[in-house]
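Here's structure22.txt, which has compact mmCIF, C-alpha atoms and all ligand atoms:
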# COMPACT_ATOMS: atom_id res chain seq x y z
CA MET V 28 36.90 -12.49 13.75
CA ALA V 29 33.41 -12.99 12.29
CA LYS V 30 32.32 -10.35 9.81
CA ALA V 31 29.02 -10.19 11.61
CA SER V 32 27.52 -7.56 9.38
CA PHE V 33 27.52 -10.07 6.49
CA LEU V 34 24.75 -12.57 7.01
CA LEU V 35 23.90 -15.61 4.92
CA ILE V 36 20.28 -16.80 5.24
CA GLY V 37 19.09 -20.13 3.89
CA PRO V 38 18.65 -22.63 2.40
CA PHE V 39 15.22 -21.86 0.93
CA ALA V 40 13.35 -24.50 -1.09
CA GLN V 41 12.37 -21.69 -3.48
CA ALA V 42 13.21 -17.99 -3.62
CA VAL V 43 10.75 -16.20 -5.88
CA THR V 44 12.90 -13.17 -6.65
CA MET V 45 10.51 -11.23 -8.95
CA ALA V 46 13.68 -10.13 -10.81
CA GLY V 47 13.50 -8.76 -14.34
CA LEU V 48 9.71 -8.81 -14.71
CA SER V 49 7.88 -6.09 -16.61
CA LEU V 50 6.34 -3.21 -14.67
CA ASN V 51 3.36 -3.16 -17.03
CA GLY V 52 0.84 -5.59 -18.42
CA PRO V 53 0.21 -9.33 -18.15
CA LEU V 54 2.69 -11.73 -16.55
CA LEU V 55 2.80 -15.49 -16.98
CA ASP V 56 3.63 -17.75 -14.05
CA GLU V 57 6.20 -19.48 -16.28
CA ALA V 58 8.13 -16.21 -16.33
CA LEU V 59 8.51 -16.09 -12.54
CA PRO V 60 12.19 -16.25 -11.64
CA ILE V 61 12.57 -18.98 -9.01
CA ALA V 62 15.91 -19.90 -7.44
CA GLU V 63 15.85 -23.36 -5.85
CA GLN V 64 17.87 -24.30 -2.76
CA ALA V 65 18.80 -20.66 -2.57
CA GLY V 66 20.65 -18.55 -0.04
CA VAL V 67 20.52 -14.80 0.48
CA LEU V 68 23.64 -12.86 1.41
CA VAL V 69 22.75 -9.67 3.29
CA HIS V 70 24.95 -6.73 4.27
CA ASP V 71 23.90 -3.44 5.85
CA GLY V 72 20.20 -4.22 5.44
CA LYS V 73 20.53 -4.86 1.70
CA ILE V 74 20.72 -7.92 -0.50
CA VAL V 75 24.24 -8.61 -1.76
CA LYS V 76 23.27 -11.65 -3.83
CA ILE V 77 20.95 -14.63 -4.10
CA GLU V 78 22.60 -17.81 -5.30
CA ALA V 79 22.72 -21.54 -4.65
CA PHE V 80 23.00 -21.90 -0.86
CA ALA V 81 25.76 -24.51 -1.03
CA HIS V 82 27.91 -22.11 -3.05
CA LEU V 83 27.28 -19.17 -0.74
CA LEU V 84 27.93 -21.33 2.32
CA LYS V 85 31.45 -22.03 1.12
CA GLU V 86 32.04 -18.32 0.73
CA ALA V 87 30.52 -17.68 4.16
CA GLU V 88 32.86 -20.21 5.76
CA GLU V 89 35.92 -18.74 4.07
CA GLN V 90 34.95 -15.15 4.91
CA LEU V 91 33.59 -15.96 8.40
CA TYR V 92 30.13 -14.57 7.68
CA SER V 93 27.29 -15.34 10.12
CA VAL V 94 24.77 -17.89 8.93
CA GLN V 95 21.05 -17.96 9.78
CA TRP V 96 19.92 -21.51 9.13
CA ILE V 97 16.44 -22.21 7.78
CA GLU V 98 15.66 -25.69 9.06
CA GLU V 99 12.35 -26.41 7.33
CA PRO V 100 11.44 -26.13 3.63
CA MET V 101 10.38 -22.56 3.00
CA VAL V 102 9.46 -20.31 0.10
CA LEU V 103 11.01 -16.84 0.16
CA LEU V 104 9.40 -13.77 -1.41
CA PRO V 105 9.94 -10.00 -1.24
CA GLY V 106 8.25 -8.32 1.75
CA LEU V 107 4.75 -7.16 0.89
CA ILE V 108 4.09 -3.51 0.10
CA ASP V 109 0.69 -2.06 0.96
CA ALA V 110 0.51 1.06 -1.22
CA HIS V 111 -2.77 2.53 0.07
CA THR V 112 -4.06 2.61 3.65
CA HIS V 113 -5.76 4.87 6.17
CA LEU V 114 -4.20 3.04 9.13
CA CYS V 115 -4.14 6.06 11.42
CA PHE V 116 -7.61 6.69 12.87
CA ALA V 117 -9.58 6.66 16.10
CA GLY V 118 -12.73 4.71 16.89
CA SER V 119 -14.77 2.16 15.02
CA ARG V 120 -17.50 2.34 12.38
CA ALA V 121 -19.05 -1.06 13.13
CA LYS V 122 -22.36 0.80 13.31
CA ASP V 123 -21.98 1.98 9.68
CA TYR V 124 -21.14 -1.55 8.65
CA ALA V 125 -24.30 -2.90 10.27
CA LEU V 126 -26.33 -0.20 8.49
CA ARG V 127 -24.71 -1.05 5.15
CA ILE V 128 -25.35 -4.76 5.30
CA ALA V 129 -28.92 -3.93 6.27
CA GLY V 130 -29.28 -1.98 3.02
CA LYS V 131 -28.04 1.63 3.38
CA THR V 132 -25.32 2.66 0.95
CA TYR V 133 -21.88 4.12 1.79
CA LEU V 134 -22.80 7.39 0.05
CA GLU V 135 -26.16 7.64 1.85
CA ILE V 136 -24.42 7.28 5.19
CA ALA V 137 -21.88 9.92 4.13
CA ARG V 138 -24.63 12.35 3.02
CA SER V 139 -26.36 12.05 6.39
CA GLY V 140 -23.20 13.18 8.19
CA GLY V 141 -21.84 9.74 9.09
CA GLY V 142 -19.08 7.81 7.33
CA ILE V 143 -15.74 9.60 7.00
CA LEU V 144 -16.93 12.61 9.04
CA ASP V 145 -17.79 10.28 11.93
CA THR V 146 -14.15 9.11 12.02
CA VAL V 147 -13.05 12.75 11.67
CA ARG V 148 -14.95 13.64 14.86
CA LYS V 149 -13.37 10.75 16.76
CA THR V 150 -9.87 11.40 15.40
CA ARG V 151 -10.03 15.07 16.30
CA LYS V 152 -10.86 14.09 19.88
CA ALA V 153 -7.96 11.63 20.14
CA SER V 154 -4.54 12.74 21.34
CA GLN V 155 -1.44 12.12 19.23
CA ALA V 156 -0.34 9.49 21.78
CA GLU V 157 -3.67 7.65 21.43
CA LEU V 158 -3.39 7.67 17.65
CA GLU V 159 0.16 6.35 17.89
CA GLN V 160 -0.91 3.54 20.21
CA SER V 161 -3.63 2.18 17.91
CA LEU V 162 -1.48 2.72 14.81
CA LEU V 163 1.31 0.75 16.45
CA GLN V 164 -1.00 -2.20 17.05
CA ARG V 165 -2.16 -2.20 13.43
CA CYS V 166 1.46 -2.02 12.27
CA GLN V 167 2.33 -5.04 14.39
CA ARG V 168 -0.46 -7.05 12.78
CA HIS V 169 0.51 -5.95 9.27
CA LEU V 170 4.14 -6.86 9.86
CA GLN V 171 3.22 -10.34 11.11
CA GLU V 172 1.19 -10.81 7.95
CA GLY V 173 4.24 -9.97 5.84
CA VAL V 174 3.87 -6.27 5.08
CA THR V 175 7.26 -4.54 5.35
CA THR V 176 6.36 -1.18 3.74
CA CYS V 177 3.02 0.54 4.18
CA GLU V 178 1.62 3.80 2.89
CA VAL V 179 -0.52 5.65 5.49
CA LYS V 180 -2.73 8.66 4.81
CA SER V 181 -3.89 11.49 7.01
CA GLY V 182 -7.38 12.74 6.19
CA TYR V 183 -9.38 12.27 9.39
CA GLY V 184 -8.26 15.57 10.91
CA LEU V 185 -9.22 18.18 8.29
CA THR V 186 -7.90 21.06 10.39
CA LEU V 187 -4.32 22.32 10.41
CA GLU V 188 -3.63 20.96 13.89
CA ASP V 189 -5.41 17.64 13.45
CA GLU V 190 -3.84 16.84 10.08
CA LEU V 191 -0.41 17.66 11.52
CA LYS V 192 -1.22 15.51 14.57
CA MET V 193 -1.98 12.55 12.32
CA LEU V 194 1.13 13.01 10.18
CA ARG V 195 3.35 13.41 13.26
CA ALA V 196 1.84 10.22 14.71
CA ILE V 197 2.62 8.38 11.46
CA GLN V 198 6.19 9.68 11.45
CA ASN V 199 6.78 8.70 15.09
CA VAL V 200 5.35 5.21 14.71
CA SER V 201 7.43 4.64 11.58
CA GLN V 202 10.53 5.30 13.67
CA GLN V 203 9.40 3.15 16.64
CA GLN V 204 8.98 -0.25 15.00
CA PRO V 205 10.16 -2.14 11.89
CA LEU V 206 7.23 -1.59 9.47
CA GLU V 207 8.29 1.36 7.32
CA LEU V 208 5.46 3.85 6.81
CA VAL V 209 5.16 6.09 3.75
CA PRO V 210 3.05 9.12 4.73
CA THR V 211 0.56 10.84 2.44
CA CYS V 212 -1.33 14.06 3.18
CA LEU V 213 -5.04 13.45 2.49
CA ALA V 214 -6.34 16.71 3.92
CA ALA V 215 -8.55 16.71 0.81
CA HIS V 216 -10.56 13.70 1.99
CA MET V 217 -13.83 15.60 2.60
CA VAL V 218 -14.89 19.22 2.93
CA PRO V 219 -14.88 19.75 6.71
CA PRO V 220 -18.05 21.15 8.30
CA GLU V 221 -16.24 24.42 9.09
CA PHE V 222 -15.99 25.26 5.37
CA GLU V 223 -18.79 26.05 2.99
CA ASP V 224 -17.28 24.77 -0.21
CA GLY V 225 -14.45 22.62 -1.50
CA ALA V 226 -12.57 25.36 -3.35
CA THR V 227 -12.26 27.60 -0.28
CA TYR V 228 -11.11 24.70 1.88
CA LEU V 229 -8.54 23.53 -0.69
CA LYS V 230 -7.16 27.07 -1.00
CA HIS V 231 -6.72 27.08 2.78
CA VAL V 232 -4.93 23.70 2.65
CA VAL V 233 -2.56 24.91 -0.09
CA GLU V 234 -1.76 28.16 1.68
CA ILE V 235 -1.53 26.99 5.29
CA LEU V 236 -1.20 23.24 5.68
CA LEU V 237 0.90 21.98 2.77
CA PRO V 238 3.81 24.43 3.34
CA GLN V 239 3.89 23.31 6.99
CA VAL V 240 3.85 19.63 5.99
CA LYS V 241 6.82 20.34 3.69
CA ALA V 242 8.66 22.38 6.28
CA GLU V 243 8.38 19.61 8.88
CA GLY V 244 9.18 16.87 6.34
CA LEU V 245 5.97 15.05 7.27
CA ALA V 246 4.98 13.82 3.78
CA ASN V 247 6.06 13.99 0.12
CA ARG V 248 2.74 12.84 -1.27
CA VAL V 249 -0.68 14.46 -1.60
CA ASP V 250 -3.96 12.64 -2.21
CA ILE V 251 -7.54 13.79 -2.89
CA PHE V 252 -10.91 12.00 -2.90
CA ILE V 253 -12.76 12.88 -6.10
CA GLU V 254 -16.43 11.94 -5.74
CA ASP V 255 -19.87 13.58 -5.45
CA THR V 256 -19.65 13.60 -1.67
CA ALA V 257 -16.08 14.93 -1.60
CA PHE V 258 -14.32 17.10 -4.27
CA ASP V 259 -15.16 17.77 -7.91
CA GLU V 260 -12.76 17.42 -10.82
CA ALA V 261 -12.17 21.12 -11.45
CA ASP V 262 -11.30 21.93 -7.83
CA ALA V 263 -9.19 18.78 -7.61
CA LEU V 264 -7.21 19.64 -10.72
CA SER V 265 -6.22 23.09 -9.55
CA TYR V 266 -5.44 21.78 -6.04
CA LEU V 267 -3.22 19.01 -7.35
CA LYS V 268 -1.34 21.42 -9.64
CA ASP V 269 -0.69 23.68 -6.65
CA ALA V 270 0.47 20.70 -4.59
CA GLN V 271 2.81 19.70 -7.43
CA ASP V 272 4.22 23.21 -7.54
CA LEU V 273 5.03 22.81 -3.86
CA GLY V 274 6.98 19.64 -4.74
CA PHE V 275 4.53 16.88 -3.76
CA ASP V 276 3.98 13.61 -5.62
CA ILE V 277 0.33 13.02 -6.40
CA THR V 278 -2.04 10.12 -5.90
CA VAL V 279 -5.82 10.21 -6.29
CA HIS V 280 -8.86 8.39 -4.89
CA ALA V 281 -10.47 7.96 -8.29
CA ASP V 282 -13.45 6.30 -9.99
CA GLN V 283 -14.71 4.58 -6.84
CA PHE V 284 -18.43 5.11 -7.55
CA SER V 285 -18.35 7.50 -10.52
CA THR V 286 -15.72 8.32 -13.13
CA GLY V 287 -13.76 11.54 -13.56
CA GLY V 288 -11.00 11.06 -11.00
CA SER V 289 -8.77 8.94 -13.20
CA GLU V 290 -8.77 11.63 -15.88
CA VAL V 291 -7.64 14.20 -13.32
CA ALA V 292 -4.92 11.76 -12.19
CA ALA V 293 -3.78 11.40 -15.80
CA ARG V 294 -3.75 15.15 -16.40
CA VAL V 295 -1.33 15.72 -13.52
CA HIS V 296 0.64 12.52 -14.26
CA ALA V 297 -0.10 11.22 -10.78
CA ALA V 298 2.00 8.37 -9.44
CA SER V 299 -1.17 6.36 -9.06
CA ALA V 300 -4.95 6.42 -9.31
CA ASP V 301 -6.55 4.23 -6.67
CA HIS V 302 -9.90 2.39 -6.32
CA LEU V 303 -11.09 2.39 -9.97
CA GLU V 304 -14.12 0.14 -9.41
CA ALA V 305 -16.08 2.33 -11.86
CA SER V 306 -13.34 2.61 -14.51
CA GLY V 307 -14.13 1.47 -18.04
CA GLU V 308 -12.10 1.20 -21.24
CA GLU V 309 -11.86 4.94 -21.72
CA GLU V 310 -10.46 5.52 -18.23
CA ILE V 311 -8.05 2.61 -18.61
CA ASP V 312 -6.71 4.06 -21.88
CA ILE V 313 -6.28 7.52 -20.35
CA MET V 314 -4.30 6.13 -17.38
CA LYS V 315 -2.17 3.99 -19.67
CA GLU V 316 -1.36 6.96 -21.90
CA ALA V 317 -0.25 9.05 -18.89
CA GLY V 318 1.77 6.27 -17.21
CA VAL V 319 -0.38 6.32 -14.06
CA VAL V 320 -0.22 3.17 -11.90
CA ALA V 321 -3.66 1.63 -11.31
CA THR V 322 -3.90 0.67 -7.63
CA VAL V 323 -6.89 -1.55 -7.01
CA LEU V 324 -8.35 -2.04 -3.54
CA PRO V 325 -10.15 -5.37 -3.17
CA GLY V 326 -10.64 -4.80 0.57
CA ALA V 327 -12.94 -1.86 -0.20
CA SER V 328 -14.98 -4.04 -2.57
CA VAL V 329 -15.28 -6.74 0.10
CA GLY V 330 -16.08 -4.17 2.80
CA LEU V 331 -18.74 -2.45 0.71
CA GLY V 332 -20.10 -5.64 -0.85
CA MET V 333 -19.51 -4.32 -4.37
CA HIS V 334 -17.71 -5.47 -7.52
CA TYR V 335 -13.91 -5.41 -7.88
CA ALA V 336 -12.03 -2.96 -10.08
CA PRO V 337 -11.46 -4.46 -13.56
CA ALA V 338 -7.88 -5.55 -12.88
CA ARG V 339 -7.82 -8.14 -15.68
CA LYS V 340 -8.80 -5.57 -18.29
CA MET V 341 -6.25 -3.13 -16.90
CA LEU V 342 -3.44 -5.65 -17.19
CA ASP V 343 -4.51 -6.68 -20.68
CA ALA V 344 -4.46 -3.01 -21.67
CA GLY V 345 -0.85 -2.80 -20.46
CA LEU V 346 -1.29 -0.93 -17.20
CA CYS V 347 0.90 -1.35 -14.13
CA VAL V 348 -1.56 -2.75 -11.55
CA ALA V 349 -0.79 -2.57 -7.84
CA ILE V 350 -3.01 -4.16 -5.17
CA ALA V 351 -3.49 -2.55 -1.75
CA THR V 352 -5.77 -2.98 1.28
CA ASP V 353 -7.21 0.54 1.71
CA TRP V 354 -7.35 -0.50 5.39
CA ASN V 355 -9.66 2.07 7.05
CA PRO V 356 -12.50 2.05 9.58
CA GLY V 357 -15.22 2.59 6.97
CA SER V 358 -15.03 0.93 3.57
CA ALA V 359 -12.23 -1.54 4.25
CA PRO V 360 -11.94 -2.61 7.90
CA MET V 361 -10.30 -6.01 7.30
CA GLY V 362 -6.79 -4.99 6.25
CA ASP V 363 -5.38 -8.37 5.20
CA LEU V 364 -3.29 -7.75 2.07
CA LEU V 365 -2.43 -11.33 1.15
CA LEU V 366 -5.98 -12.58 1.61
CA GLN V 367 -7.48 -9.71 -0.37
CA ALA V 368 -4.96 -10.05 -3.20
CA ALA V 369 -5.78 -13.78 -3.39
CA LEU V 370 -9.53 -13.08 -3.56
CA LEU V 371 -9.05 -10.44 -6.25
CA GLY V 372 -6.85 -12.85 -8.21
CA ALA V 373 -9.49 -15.58 -8.05
CA ALA V 374 -12.33 -13.28 -9.11
CA GLN V 375 -10.46 -11.34 -11.78
CA LYS V 376 -8.45 -14.30 -13.15
CA LEU V 377 -5.04 -12.87 -12.40
CA THR V 378 -2.07 -15.18 -12.73
CA MET V 379 -0.15 -15.80 -9.54
CA ALA V 380 2.71 -13.79 -11.03
CA GLU V 381 0.39 -10.79 -11.58
CA THR V 382 -0.96 -10.99 -8.05
CA TRP V 383 2.51 -11.22 -6.47
CA ALA V 384 3.72 -8.37 -8.70
CA GLY V 385 0.79 -6.24 -7.49
CA ILE V 386 1.81 -6.53 -3.84
CA THR V 387 5.58 -6.33 -4.37
CA PHE V 388 7.48 -4.43 -7.08
CA ARG V 389 4.45 -2.92 -8.81
CA ALA V 390 3.25 -1.60 -5.45
CA ALA V 391 6.73 -0.15 -4.91
CA HIS V 392 6.40 1.59 -8.27
CA ALA V 393 3.04 3.07 -7.21
CA LEU V 394 4.91 4.66 -4.29
CA ARG V 395 7.84 5.64 -6.58
CA LEU V 396 10.19 3.53 -4.47
CA SER V 397 12.86 1.81 -6.53
CA ASP V 398 14.83 0.23 -3.67
CA ARG V 399 12.39 -2.59 -2.82
CA GLY V 400 9.89 -5.05 -4.21
CA THR V 401 12.28 -7.64 -5.66
CA LEU V 402 14.93 -9.92 -4.18
CA THR V 403 17.88 -8.65 -6.18
CA THR V 404 21.33 -7.20 -5.56
CA GLY V 405 21.20 -3.77 -3.92
CA GLN V 406 17.55 -3.94 -2.88
CA LEU V 407 16.48 -3.73 0.77
CA ALA V 408 16.54 -7.15 2.43
CA ASP V 409 12.79 -6.97 3.14
CA MET V 410 11.77 -10.61 2.88
CA ILE V 411 9.07 -13.04 3.95
CA ALA V 412 9.16 -16.85 4.14
CA PHE V 413 6.27 -19.31 4.13
CA ASN V 414 6.28 -22.85 5.47
CA THR V 415 5.91 -24.66 2.15
CA ASP V 416 8.15 -25.84 -0.68
CA ASP V 417 5.93 -24.68 -3.57
CA TYR V 418 5.08 -20.98 -4.02
CA ARG V 419 1.69 -21.86 -5.54
CA GLU V 420 0.50 -23.21 -2.17
CA ILE V 421 0.38 -19.66 -0.79
CA LEU V 422 -2.29 -18.07 -3.01
CA TYR V 423 -3.99 -21.46 -3.35
CA VAL V 424 -5.18 -21.28 0.27
CA GLN V 425 -6.31 -17.69 -0.34
CA GLY V 426 -4.46 -15.91 2.38
CA LYS V 427 -4.78 -18.49 5.17
CA LEU V 428 -1.08 -19.41 5.00
CA LYS V 429 0.74 -16.52 6.66
CA PRO V 430 4.50 -15.97 6.55
CA SER V 431 6.28 -17.68 9.41
CA LYS V 432 9.35 -15.44 9.08
CA VAL V 433 9.60 -11.75 8.20
CA TRP V 434 12.84 -9.79 7.75
CA LYS V 435 12.96 -5.98 7.60
CA LYS V 436 16.29 -4.70 6.23
CA GLY V 437 17.81 -8.10 6.94
CA ILE V 438 16.67 -8.27 10.56
CA LEU V 439 14.28 -11.01 11.60
CA VAL V 440 11.29 -9.35 13.25
O1 LIG Y 1 -10.50 4.79 0.24
N1 LIG Y 1 -13.13 6.64 -0.43
C1 LIG Y 1 -12.63 7.39 0.37
N2 LIG Y 1 -11.85 7.13 1.40
C2 LIG Y 1 -11.63 5.84 1.97
C3 LIG Y 1 -12.65 5.47 2.97
C4 LIG Y 1 -12.45 6.15 4.22
C5 LIG Y 1 -13.52 5.87 5.21
O2 LIG Y 1 -14.62 5.39 4.86
O3 LIG Y 1 -13.23 6.14 6.38
C6 LIG Y 1 -11.52 4.77 0.90
O4 LIG Y 1 -12.40 3.92 0.72
FE FE Y 2 -8.60 4.95 0.51

Can you dump the structure from the file as structure tokens?
Amino acid sequence: MAKASFLLIGPFAQAVTMAGLSLNGPLLDEALPIAEQAGVLVHDGKIVKIEAFAHLLKEAEEQLYSVQWIEEPMVLLPGLIDAHTHLCFAGSRAKDYALRIAGKTYLEIARSGGGILDTVRKTRKASQAELEQSLLQRCQRHLQEGVTTCEVKSGYGLTLEDELKMLRAIQNVSQQQPLELVPTCLAAHMVPPEFEDGATYLKHVVEILLPQVKAEGLANRVDIFIEDTAFDEADALSYLKDAQDLGFDITVHADQFSTGGSEVAARVHAASADHLEASGEEEIDIMKEAGVVATVLPGASVGLGMHYAPARKMLDAGLCVAIATDWNPGSAPMGDLLLQAALLGAAQKLTMAETWAGITFRAAHALRLSDRGTLTTGQLADMIAFNTDDYREILYVQGKLKPSKVWKKGILV
């Protein structure tokens, strides 16, 4: 009888396993571990081993494992991990985008009551079922483009009920389809119009919302937007300490337009500080010292028509750099992780190894997930395959070559 739960997949022209690479600092392409004519043995959604296909095929025949044949030359990589998104939202901000390219700035639009608060109004009006429906569609697109794990933030509700509605939608959609969603509570995205000041609102979030989020198991992570138009450093610091006391991991929207956020992230030893377009040497050193992952968001730079975060300098300083889309209706409406990582790599002179690391195992580290991001024994069999026999072809065409096969926990989706 076939041991159907053991599955051999292959042969692959190249399997870029990302095994044994450093979490921090520069990476040379020569260091990339590449197995040629490789096969992957999968059991129970996890990788058992990656070895020469011919060798594994013999074992598969002896043990009566199932075999999934790959007919054409393909390059295999770990499934992509998008460590920062706002995928759950209602409505569009095409109007904001038109205003921005005509000359208004993101912060001007925010100060006049548009921007994030516009999406808040629309998201509050939407039902949980409507949010789930649009989130599901975005998940399907992300999965086709090779993303097998995706962080998703709340933050467009800003009331107890609406934040819970968003987080419940994220939890439901994660269970309904293969793309695994990692929820983050971003109730501290903006001060909602119902509150006069940030400190009073944050106190309310700590006392009322966060305990409920914990009790329902809706998120283990808390995020805050530190910026002139959102929350200041002092309020953020005390909020994040309270959230930590309640048992949440921390991530911060930091240094997007002005600095200060990365220092707060360092002081609470956040898992990651994200954005960082305004970070300089001082901020980089502070994050390095505190072991904070630097998550850069090229999609927000493209969406806002502004410079990229200094990823090259961060890597040279020894930081762990993750790359994420920030997919949201305002600053980053495109949401194509591979394309954005390729553009960042070209502009910032990242090696291909550094770019792949940023959207695989370094992104997993930003989310404090140790069970994915490489193709190695015991890791989830989250894998993507491209129709080419040379891994360099993928970033070379800057995101236009999409994966033709995607596996989530060993299942072809
Ligand atoms: O990461 N900067 C703050 N928050 C989001 C944008 C959200 C929005 O504009 O709707 C960001 O860019
Ligand atoms: Fe964001």

Can you build me a table of chain V residues sitting at most 6 Å from ligand LIG 1 (chain Y), with the closest atom pair per residue and its distance in Å to one decimal, using all atoms listed in the file, sorted by chain and residue number, as JSON lines?
{"residue": "V:Gly142", "atom": "CA", "partner": "Y:LIG1", "partner_atom": "O2", "distance": 5.6}
{"residue": "V:Ile143", "atom": "CA", "partner": "Y:LIG1", "partner_atom": "O3", "distance": 4.3}
{"residue": "V:Phe252", "atom": "CA", "partner": "Y:LIG1", "partner_atom": "C1", "distance": 5.9}
{"residue": "V:Ala327", "atom": "CA", "partner": "Y:LIG1", "partner_atom": "O4", "distance": 5.9}
{"residue": "V:Asp353", "atom": "CA", "partner": "Y:LIG1", "partner_atom": "O1", "distance": 5.6}
{"residue": "V:Asn355", "atom": "CA", "partner": "Y:LIG1", "partner_atom": "O3", "distance": 5.5}
{"residue": "V:Pro356", "atom": "CA", "partner": "Y:LIG1", "partner_atom": "O3", "distance": 5.2}
{"residue": "V:Gly357", "atom": "CA", "partner": "Y:LIG1", "partner_atom": "O2", "distance": 3.6}
{"residue": "V:Ser358", "atom": "CA", "partner": "Y:LIG1", "partner_atom": "O2", "distance": 4.7}

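With all atoms listed in the file as the atoms that count, the set of residues no farther than 8 Å from ligand FE 2 (chain Y) is His111, Thr112, His113, His280, Asp301, His302, Asp353, Trp354 and Asn355 of chain V.
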
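Closest to Ala300 in chain V among V:Ile136, V:Ala246, V:Ile350, V:Ala257 is V:Ile350, based on all atoms listed in the file.
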
Give one line per residue of range 92-130 of chain V that approaches range 163-173 of chain V to at most 12 Å, naming the two atoms of the closest pair and their distance in Å to one decimal, counting only C-alpha atoms; sort by chain then ascending residue number and deliver it as a tab-separated table.
residue	atom	partner	partner_atom	distance
V:Leu103	CA	V:Gly173	CA	11.2
V:Leu104	CA	V:Gly173	CA	9.7
V:Pro105	CA	V:Gly173	CA	9.1
V:Gly106	CA	V:Gly173	CA	6.0
V:Leu107	CA	V:Gly173	CA	5.7
V:Ile108	CA	V:Gly173	CA	8.6
V:Asp109	CA	V:His169	CA	9.2
V:Thr112	CA	V:Arg165	CA	11.1
V:His113	CA	V:Arg165	CA	10.8
V:Leu114	CA	V:Arg165	CA	7.1
V:Cys115	CA	V:Arg165	CA	8.7
V:Phe116	CA	V:Arg165	CA	10.4
V:Ala117	CA	V:Arg165	CA	11.9

May I have the selected residues written with C-alpha atoms, as a PDB file, in the coordinates of the input?
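Once written, part_27.pdb looks like this:
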ATOM      1  CA  LEU V 103      11.010 -16.840   0.160  1.00  0.00           C
ATOM      2  CA  LEU V 104       9.400 -13.770  -1.410  1.00  0.00           C
ATOM      3  CA  PRO V 105       9.940 -10.000  -1.240  1.00  0.00           C
ATOM      4  CA  GLY V 106       8.250  -8.320   1.750  1.00  0.00           C
ATOM      5  CA  LEU V 107       4.750  -7.160   0.890  1.00  0.00           C
ATOM      6  CA  ILE V 108       4.090  -3.510   0.100  1.00  0.00           C
ATOM      7  CA  ASP V 109       0.690  -2.060   0.960  1.00  0.00           C
ATOM      8  CA  THR V 112      -4.060   2.610   3.650  1.00  0.00           C
ATOM      9  CA  HIS V 113      -5.760   4.870   6.170  1.00  0.00           C
ATOM     10  CA  LEU V 114      -4.200   3.040   9.130  1.00  0.00           C
ATOM     11  CA  CYS V 115      -4.140   6.060  11.420  1.00  0.00           C
ATOM     12  CA  PHE V 116      -7.610   6.690  12.870  1.00  0.00           C
ATOM     13  CA  ALA V 117      -9.580   6.660  16.100  1.00  0.00           C
TER      14      ALA V 117
END

Problem - Test item: residues at most 10 Å from Val329 in chain V, all atoms listed in the file, excluding those fewer than 5 positions along its chain, as a list of chain:residue names - result: V:Leu324, V:His334, V:Tyr335, V:Ser358, V:Ala359, V:Pro360, V:Met361, V:Gln367, V:Leu370, V:Leu371

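If you measure from each of V:Asp123, V:Glu98, V:Asp250, V:Glu157 to Lys268 in chain V using all atoms listed in the file, the closest one turns out to be V:Asp250.
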
Problem - Separation of CA of Ile313 in chain V from CA of Gly326 in chain V in Å - result: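 That distance, rounded to one decimal, is 24.7 Å.
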
Fill in the blank from the handout: CA of Ile253 in chain V sits from CA of Ala214 in chain V at a separation of 12.5 Å

Handout entry: Spatial neighbours of Cys212 in chain V, max dist 6 Å, all atoms listed in the file, sep filter under 6 positions, as a list in words
Key = Lys180, Ser181 and Val249 of chain V

Residues just named, written with C-alpha atoms as a PDB file, in the frame of the given file:
ATOM      1  CA  LYS V 180      -2.730   8.660   4.810  1.00  0.00           C
ATOM      2  CA  SER V 181      -3.890  11.490   7.010  1.00  0.00           C
ATOM      3  CA  VAL V 249      -0.680  14.460  -1.600  1.00  0.00           C
TER       4      VAL V 249
END

Just need the box for range 418-429 of chain V, edges along x, y and z, holding every atom the file lists for it with 8 Å tacked onto each side, so centre and edge lengths in Å to one decimal, as JSON.
{"center_x": -0.6, "center_y": -19.6, "center_z": 0.6, "size_x": 27.4, "size_y": 23.3, "size_z": 28.2}

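When only C-alpha atoms are used to measure the gap to Asp56 in chain V, the shortest distance among V:Ala293, V:Leu331, V:Val43, V:Ile97 belongs to V:Val43.
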
Problem - Contacts of range 77-82 of chain V within 6 Å, all atoms listed in the file, excl. fewer than 2 positions in-chain, as number ranges by chain - result: V: 38, 64-67, 84-85

Exercise for the section: Can you pull out every residue within 10 Å of Phe388 in chain V, counting all atoms listed in the file, but drop anything in the same chain fewer than 3 positions away, and send it as a list of chain:residue names? Expected result: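 Everything that qualifies: V:Met45, V:Ala46, V:Leu48, V:Ser49, V:Leu50, V:Pro105, V:Gly106, V:Leu107, V:Ile108, V:Ala349, V:Trp383, V:Ala384, V:Gly385, V:Ala391, V:His392, V:Ala393, V:Leu394, V:Leu396, V:Ser397, V:Asp398, V:Arg399, V:Gly400, V:Thr401, V:Leu402.
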
Exercise for the section: For each of V:Leu126, V:Val174, V:Leu134, V:Tyr423, take the minimum atom-to-atom distance to Ser285 in chain V, counting only C-alpha atoms, then give the residue where this is smallest. Expected result: V:Leu134

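The nearest approach to Val179 in chain V among the residues V:Ser93, V:Ser299, V:Gln41, V:Thr352, with all atoms listed in the file taken into account, belongs to V:Thr352.
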
Exercise for the section: Would you kindly return, as a PyMOL selection string, each protein, DNA or RNA residue with an atom no farther than 12 Å from any atom of range 184-192 of chain V, considering only C-alpha atoms and excluding same-chain residues fewer than 6 positions away? Expected result: chain V and resi 113+115-117+143-159+198-199+210-222+225+228-229+231-246

Practice task
Would you please work out which residue, of V:Gln160, V:Thr403, V:Ser306, V:Asn414, is nearest to Pro60 in chain V when using all atoms listed in the file?
Solution key: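 For Pro60 in chain V, the nearest of the given residues is V:Thr403.
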